[in-house]
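Peer 1: The structure under discussion is supplied below as structure tokens; questions concerning it will follow.
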Number of protein chains: 6
Amino acid sequence: MHVVITDIERADPVATAALAAAGVATVHEAQGRTGLLAPRLRPIQAGVRIAGPAVTVSVPPGDNWMIHVAVEQCRKGDVLVVAPTASSEAGYFGELLACSLAARGVHGLVIDAGVRDVRDLIAMGFSVWSKCISAQGTVKETLGSVNVPVVCAGALVRPGDVVVADDDGICVVARDQAGAIAGRCAEREAREAGVRARLRAGELGLDLYRMRERLSERGLVWRRQQTDD
Amino acid sequence: MHVVITDIERADPVATAALAAAGVATVHEAQGRTGLLAPRLRPIQAGVRIAGPAVTVSVPPGDNWMIHVAVEQCRKGDVLVVAPTASSEAGYFGELLACSLAARGVHGLVIDAGVRDVRDLIAMGFSVWSKCISAQGTVKETLGSVNVPVVCAGALVRPGDVVVADDDGICVVARDQAGAIAGRCAEREAREAGVRARLRAGELGLDLYRMRERLSERGLVWRRQQTDD
Amino acid sequence: MHVVITDIERADPVATAALAAAGVATVHEAQGRTGLLAPRLRPIQAGVRIAGPAVTVSVPPGDNWMIHVAVEQCRKGDVLVVAPTASSEAGYFGELLACSLAARGVHGLVIDAGVRDVRDLIAMGFSVWSKCISAQGTVKETLGSVNVPVVCAGALVRPGDVVVADDDGICVVARDQAGAIAGRCAEREAREAGVRARLRAGELGLDLYRMRERLSERGLVWRRQQTDD
Amino acid sequence: MHVVITDIERADPVATAALAAAGVATVHEAQGRTGLLAPRLRPIQAGVRIAGPAVTVSVPPGDNWMIHVAVEQCRKGDVLVVAPTASSEAGYFGELLACSLAARGVHGLVIDAGVRDVRDLIAMGFSVWSKCISAQGTVKETLGSVNVPVVCAGALVRPGDVVVADDDGICVVARDQAGAIAGRCAEREAREAGVRARLRAGELGLDLYRMRERLSERGLVWRRQQTDD
Amino acid sequence: MHVVITDIERADPVATAALAAAGVATVHEAQGRTGLLAPRLRPIQAGVRIAGPAVTVSVPPGDNWMIHVAVEQCRKGDVLVVAPTASSEAGYFGELLACSLAARGVHGLVIDAGVRDVRDLIAMGFSVWSKCISAQGTVKETLGSVNVPVVCAGALVRPGDVVVADDDGICVVARDQAGAIAGRCAEREAREAGVRARLRAGELGLDLYRMRERLSERGLVWRRQQTDD
Amino acid sequence: MHVVITDIERADPVATAALAAAGVATVHEAQGRTGLLAPRLRPIQAGVRIAGPAVTVSVPPGDNWMIHVAVEQCRKGDVLVVAPTASSEAGYFGELLACSLAARGVHGLVIDAGVRDVRDLIAMGFSVWSKCISAQGTVKETLGSVNVPVVCAGALVRPGDVVVADDDGICVVARDQAGAIAGRCAEREAREAGVRARLRAGELGLDLYRMRERLSERGLVWRRQQTDD
């Protein structure tokens, strides 16, 4: 029942890099508003944007044993995704585990639980998105699994899927969709570049997106403020 | 039923500037501890203090269409106030809308829901107070209203009222009270300046505010710690 | 029933300084994973680590009168610990009280409620760990007590106990245990220094902590990914 | 600043009775999905549906003095609406106040805070919708106001407005709209009666509401499950 | 992208009935403590225990259009599982939809959002597990999907999987595991029946489960209370 | 460090019975508004009021081993109080443990975590106050302590203290104060009986408690509603 899957297939690195450049909001839109993790996960640092293949870990509540097991499965550029099987606010992860992952070139951690040693993590440039910050220690008593599909903060993450994370949150892209979604992100960004220039010049979205007619059809009425408003 | 009120009356700009200088905590006290929005709204940036007339937007949950409509009603110095008609954590607002508002000189956004592109918003100096940060996209399907009275994070905001926002949160001042409240803020600050100097010099609030007698009357007792305490 | 205990005994200053150096996560582990306050308390500043004897204040919900009383009981190096008798999000504490405490050399504040004037508090270097930031004013009508045992954010704090606080949260150490726990922290840090060097060099925790055998005994299985995984 | 408005105008009793019969969900729909209080307010009893003119009370957090003042302003059939000026979980209201209100023929209480003595309240048939149940006592120290407009659980309630409450929550109807909304409720119920009969008979909403074409236009596709789904 | 999968395969009815008889806690244990939905979903009724194949619906926040589409896919004994793509507290489901489902013999509804008309739903014996009760209406503007895998309250549910629900919550069992898990439930119940009789007779779990030795090995110490405890 | 204290002293049974008769709200008031557990703990049953000496259990998050140990320390009339050392929503307690406790005459359970098998617990008349209902299983791996002082839902509970619980929540009374508090409860109830009769007869609290003068002194103003109110 408890298993560690080794040698997982990972998403294409070129597509992954393109998704990192696009960022969470664009990726989320480009794949039809799917794949977003719940906004309760927040970065402990500011201004960082990463993407990498997921190494997934299913852990019991309050037990971080399997994270130690997962380290061995990580490669340069991966993102570790930790999902407790029940809600937990414990501090599963700290500076020593980060040293271990950094030594293997891991980009960052996404965890639906707590982390600690956050000052050290920030100082060493190890990026984390977590549910909370908590010094509460965990035990090493009960097995879980590594590189099985997990539900993390409400989203299904499969090993090797691309995890994109920045100040806006985290979005997951299926491994075999990475290239297609990266392409759609590029299209979206090209489209938005034109819109951005026009909006900055003062053109209204109402006109640019031709919204006025549809708004009126739906019944929207404009009228000047009167004294009794 | 759905309406956009144009050409709203705005609070006096001199009083508005004075309220900005006073800040949220002082304004809240000066108007008898009223007008405060719930503390779940937090700034995405640090160290910013603004005040401006409210352009209000009532939006359906998960639908940001009316924000596009509201942009046209905004002038230099306004603060956009967005209130969903039911609780929502969606990302109603991002960098493109901010470009549009910045082009019109809008000071900032107060929203009882989520925003996205926060790194870009901070980089461009557009100030935001929001319930959460979320990349979750919204639709443009259902009407709302612009410049009607709204309840935002538990406080009633009318179009043209002064919205004061800083690191402590957000406080709203009725349009026709702006001057009077600004005056009371000045009095309060003058009073506090004297108190501050004495407290910094080590004088106790107990003495300065003459609290000892009233405390004793109420029954407070001072006694030295004993071994069994 | 309402009392102010004066001249409390404080934990040993040398042990207190050692606990400050160790930080919250290490102290929490060194005393058997006890003493941690709930993670809902967060610092308003980043990168600060302090420790000091607790001056405790039991306050009614929404009433900060006793904080004024507590100031007089504080000495250089103390940490003020404020615990409402029922849940409150009011802003009990602001810049004027901080001036007063700073004048006495107090290190910081731990409060299971709100604070305000946070920009000023940060600017003046007064450290705070709080449940929320709120400008909501409090009254001065009802008594509480100073320097009695309090439950703050789920942890029992006695006057004179050592309060350690940093970016990871807050941990309390019993006054008469400060030296012993500081000793255990030193041992733990020495042990971790060796581990850290080996992990940074790429050695796996699985090997370093000799986990493989016990994992296999419990039934963990490693296998390569297959096409249908 | 603190005021008790006496002799308020109340909504029409016939319209009020019609709104009670319609219930919260229907009233909310009939007035364009407005007026709903946040779902955090829940009934302490099951199966009760009431409506009555609001007597509103603005109270400080943790202070129930003004409820005693408000009792005198209540008449037979009224609903007392209590809104703290800041979030509170205290037990503002218990059996003695209920005796007092029941003696005046008051229908029930809506409060964005806590109540206590709930077993007694249920036994005496006094209906309550509250944020929580809490035995935590309140003080009687600070003034508020009676029969001023209040924001209760996110909705604006004016004295004399109709408050409708049942197992689904609470909805407020503006005093001068009560008749019009009651009329729309009746229309809605008539329409739904026909729909209900057809749905019970097994007709599909897809057909009854003619949704199939619009769904297809939007791009919805039906297909049989395949072995790899 | 938006699809309705028809003619899904459903779990074996005999195994499903056995899982209903076992109940949520037993099923959750029998499959290795997996499959549990988050405890924020609560029943609106008391004392009901059901199990049935899942018809799954992925819906946008605040939009219930796809529930109308899903009704047609339901058969006698099914359980409808509704998962919004982002957090929502809206009232997606009420008495009319329940009439429609009841006409098709559907057992109940599991929804990670709100429902309304709860008094009617209880009266007609239609069982619901939901995140909240809310009269807030939803729109019918945006597509979703029916009978695709969904994440509902943190658990992955595939169409045709068995959904077991009772007063303890909800647990999902993979379609092809239903028989095996039902078998393990029976074993577990047989084992517990013997234990129950001995516990009721006053035998201690400490002895029955032979815990004393292991507790002592771990270092647990028993000692009589002393006067200073 | 981990200990089971046996043969604890228990509060006087006569005083305990008197406290049960008084109920939580009265006991809480009679001891100066102290001792209340946080209102997040709710009964799983309705209409039950109990009091008994506390047998306390400190448990790790997600680990119920020590509850099995605690059973042996329970006697007829006790109330088991379970406090996790960190926040947990797991289902620590179910029907088998209840059988064991019922066999020893235990009155009920107070737990700042989850319970399961609630239908069975209600059917067998075993009373529970808990933070949530959850089927999530716990492990038996890590030690805790029995009959040491614990902080449960924000209140300090010592072994042998009286725990009073009813529909309003839970209140704890120090063992050596039980008689004194029971006496004050009786006084309070006598006083309230007179008040109740007068309130039921329609006398106003404003007059009965002589509040009018003090309200006016504080500045409260009564005035009739005007057309522009």
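Each chain in the structure tokens gets a letter, A, B and so on, in the order shown; residues start at 1 in every chain, and ligands are counted from 1 in the order they appear.
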Hey, what's within 10 Å of Ala165 in chain E if we count only C-alpha atoms and toss same-chain stuff fewer than 2 positions away? As a list of chain:residue names, please?

Peer 2: E:Leu19, E:Ala20, E:Gly23, E:Val24, E:Ala25, E:Leu36, E:Leu37, E:Arg42, E:Pro43, E:Val48, E:Arg49, E:Ile50, E:Ala51, E:Gly52, E:Val79, E:Gly108, E:Leu109, E:Val110, E:Ser127, E:Val128, E:Trp129, E:Val162, E:Val163, E:Asp167, E:Asp168, E:Gly169, E:Ile170, E:Cys171, E:Val172

Peer 1: Would you mind writing down, as a PyMOL selection string, each residue of range 4-223 of chain D that DSSP on the backbone assigns to strand (DSSP E or B)?

Peer 2: chain D and resi 4-6+36+42-43+50-59+63+79-84+88+91-93+108-115+127-133+139+145-146+150-152+155-157+162-166+169-173+221-223

Peer 1: Excluding Ala18 in chain E and its own-chain neighbours fewer than 5 positions away, which residues fall within 10 Å of it when counting only C-alpha atoms? Please give them as a JSON list (two decimals) with N, CA and C atoms, in the first residue's frame.

Peer 2:
```json
[["chain", "number", "residue", "atom", "x", "y", "z"],
["E", 13, "PRO", "N", -23.50, -3.15, -7.02],
["E", 13, "PRO", "CA", -24.53, -2.77, -6.04],
["E", 13, "PRO", "C", -24.48, -3.55, -4.73],
["E", 23, "GLY", "N", -20.65, 1.91, 7.13],
["E", 23, "GLY", "CA", -20.54, 3.30, 7.58],
["E", 23, "GLY", "C", -19.17, 3.90, 7.35],
["E", 27, "VAL", "N", -15.36, 2.15, 6.85],
["E", 27, "VAL", "CA", -14.86, 2.12, 5.48],
["E", 27, "VAL", "C", -13.51, 2.84, 5.39],
["E", 51, "ALA", "N", -25.01, 4.96, 0.79],
["E", 51, "ALA", "CA", -23.89, 4.76, -0.12],
["E", 51, "ALA", "C", -24.45, 4.60, -1.52],
["E", 178, "ALA", "N", -14.52, -1.63, -4.49],
["E", 178, "ALA", "CA", -15.68, -1.68, -3.60],
["E", 178, "ALA", "C", -15.84, -3.05, -2.93],
["E", 179, "GLY", "N", -15.72, -4.09, -3.72],
["E", 179, "GLY", "CA", -15.88, -5.43, -3.16],
["E", 179, "GLY", "C", -14.81, -5.76, -2.13],
["E", 181, "ILE", "N", -12.96, -3.74, -0.37],
["E", 181, "ILE", "CA", -13.08, -2.94, 0.86],
["E", 181, "ILE", "C", -14.27, -3.41, 1.68],
["E", 182, "ALA", "N", -15.36, -3.77, 1.02],
["E", 182, "ALA", "CA", -16.52, -4.29, 1.75],
["E", 182, "ALA", "C", -16.12, -5.53, 2.54],
["E", 183, "GLY", "N", -15.30, -6.36, 1.92],
["E", 183, "GLY", "CA", -14.82, -7.56, 2.62],
["E", 183, "GLY", "C", -14.01, -7.20, 3.85],
["E", 185, "CYS", "N", -14.23, -4.52, 5.54],
["E", 185, "CYS", "CA", -15.14, -3.94, 6.54],
["E", 185, "CYS", "C", -15.77, -5.04, 7.38],
["E", 186, "ALA", "N", -16.20, -6.08, 6.69],
["E", 186, "ALA", "CA", -16.84, -7.20, 7.40],
["E", 186, "ALA", "C", -15.87, -7.82, 8.41]]
```

Peer 1: At a cut-off of 8 Å, list the chain A residues touching chain F, using only C-alpha atoms, as an MDAnalysis selection string.

Peer 2: chainID A and resid 61:62 86:90 136 141

Peer 1: Could you write out that same residue set with N, CA, C and O atoms as a PDB file, in the first residue's frame?

Peer 2:
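What landed in result.pdb:
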```
ATOM      1  N   PRO A  61      -0.950  13.116   8.916  1.00  0.00           N
ATOM      2  CA  PRO A  61      -0.944  14.371   9.675  1.00  0.00           C
ATOM      3  C   PRO A  61       0.112  14.336  10.778  1.00  0.00           C
ATOM      4  O   PRO A  61       0.169  13.369  11.547  1.00  0.00           O
ATOM      5  N   GLY A  62       0.977  15.353  10.821  1.00  0.00           N
ATOM      6  CA  GLY A  62       1.953  15.473  11.907  1.00  0.00           C
ATOM      7  C   GLY A  62       3.126  14.520  11.821  1.00  0.00           C
ATOM      8  O   GLY A  62       3.820  14.306  12.816  1.00  0.00           O
ATOM      9  N   ALA A  86      -4.631  14.360   6.128  1.00  0.00           N
ATOM     10  CA  ALA A  86      -5.669  15.094   6.861  1.00  0.00           C
ATOM     11  C   ALA A  86      -5.069  16.423   7.265  1.00  0.00           C
ATOM     12  O   ALA A  86      -3.852  16.561   7.370  1.00  0.00           O
ATOM     13  N   SER A  87      -5.931  17.394   7.494  1.00  0.00           N
ATOM     14  CA  SER A  87      -5.491  18.760   7.800  1.00  0.00           C
ATOM     15  C   SER A  87      -4.469  18.789   8.940  1.00  0.00           C
ATOM     16  O   SER A  87      -4.645  18.164   9.971  1.00  0.00           O
ATOM     17  N   SER A  88      -3.380  19.508   8.728  1.00  0.00           N
ATOM     18  CA  SER A  88      -2.352  19.636   9.775  1.00  0.00           C
ATOM     19  C   SER A  88      -1.722  21.008   9.703  1.00  0.00           C
ATOM     20  O   SER A  88      -1.539  21.571   8.632  1.00  0.00           O
ATOM     21  N   GLU A  89      -1.395  21.559  10.872  1.00  0.00           N
ATOM     22  CA  GLU A  89      -0.670  22.830  10.945  1.00  0.00           C
ATOM     23  C   GLU A  89       0.736  22.632  11.493  1.00  0.00           C
ATOM     24  O   GLU A  89       1.395  23.604  11.882  1.00  0.00           O
ATOM     25  N   ALA A  90       1.209  21.404  11.547  1.00  0.00           N
ATOM     26  CA  ALA A  90       2.528  21.145  12.119  1.00  0.00           C
ATOM     27  C   ALA A  90       3.632  21.664  11.197  1.00  0.00           C
ATOM     28  O   ALA A  90       3.422  21.878  10.004  1.00  0.00           O
ATOM     29  N   GLN A 136       6.013  23.760  15.421  1.00  0.00           N
ATOM     30  CA  GLN A 136       5.553  22.476  15.969  1.00  0.00           C
ATOM     31  C   GLN A 136       6.238  21.293  15.288  1.00  0.00           C
ATOM     32  O   GLN A 136       6.082  21.089  14.086  1.00  0.00           O
ATOM     33  N   GLU A 141       6.896   8.111  12.374  1.00  0.00           N
ATOM     34  CA  GLU A 141       6.375   6.830  12.852  1.00  0.00           C
ATOM     35  C   GLU A 141       5.555   6.085  11.816  1.00  0.00           C
ATOM     36  O   GLU A 141       5.449   4.873  11.862  1.00  0.00           O
TER      37      GLU A 141
END
```

Peer 1: Compile the contact shell of Ala123 in chain A as a compact mmCIF listing (two decimals) with N, CA and C atoms, in the first residue's frame: residues with an atom at most 12 Å away, counting only C-alpha atoms, same-chain residues fewer than 2 positions apart removed.

Peer 2:
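part_33.txt written:
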```txt
# COMPACT_ATOMS: atom_id res chain seq x y z
N ILE A 44 6.61 32.17 1.63
CA ILE A 44 7.27 32.78 2.80
C ILE A 44 8.22 33.90 2.35
N GLN A 45 8.50 33.95 1.04
CA GLN A 45 9.39 34.98 0.51
C GLN A 45 8.60 35.82 -0.50
N GLU A 95 15.16 23.88 8.16
CA GLU A 95 16.41 24.22 7.48
C GLU A 95 17.23 22.98 7.11
N ALA A 98 15.91 21.48 4.05
CA ALA A 98 16.19 22.39 2.93
C ALA A 98 17.64 22.26 2.47
N CYS A 99 18.57 22.09 3.42
CA CYS A 99 19.98 21.87 3.04
C CYS A 99 20.10 20.64 2.15
N ASP A 117 11.89 27.44 10.74
CA ASP A 117 13.21 27.97 10.37
C ASP A 117 13.08 28.91 9.17
N VAL A 118 12.03 29.69 9.11
CA VAL A 118 11.77 30.45 7.89
C VAL A 118 12.84 31.52 7.64
N ARG A 119 13.42 32.07 8.70
CA ARG A 119 14.48 33.05 8.49
C ARG A 119 15.65 32.40 7.77
N ASP A 120 16.01 31.19 8.18
CA ASP A 120 17.11 30.47 7.53
C ASP A 120 16.75 30.10 6.09
N LEU A 121 15.52 29.65 5.89
CA LEU A 121 15.10 29.26 4.53
C LEU A 121 15.21 30.45 3.58
N GLY A 125 17.88 31.14 0.36
CA GLY A 125 17.26 31.23 -0.95
C GLY A 125 16.45 30.01 -1.33
N PHE A 126 15.98 29.27 -0.34
CA PHE A 126 15.13 28.12 -0.64
C PHE A 126 13.67 28.59 -0.58
N SER A 127 12.94 28.41 -1.67
CA SER A 127 11.59 28.98 -1.78
C SER A 127 10.53 28.03 -1.25
N ALA C 46 10.03 41.40 10.32
CA ALA C 46 10.74 40.21 9.85
C ALA C 46 12.15 40.18 10.42
N GLY C 47 12.61 38.98 10.70
CA GLY C 47 14.02 38.80 11.04
C GLY C 47 14.41 39.14 12.46
```

Peer 1: From a backbone DSSP assignment, name each residue in range 7-130 of chain C labelled alpha helix (DSSP H), as a VMD selection string.

Peer 2: chain C and resid 13 to 22 24 to 30 65 to 71 95 to 103 118 to 123

Peer 1: Between B:Ala70, B:Arg75, B:Gly154, B:Ser130, single out the one closest to Asp112 in chain D, counting only C-alpha atoms.

Peer 2: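 Among the listed residues, B:Gly154 lies closest to Asp112 in chain D.
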
Peer 1: Write out as JSON, numbers by chain the residues lying within 7 Å of Lys131 in chain E, counting only C-alpha atoms and excluding same-chain residues fewer than 5 positions away.

Peer 2: {"E": [40, 41, 42, 111, 112, 113, 114]}
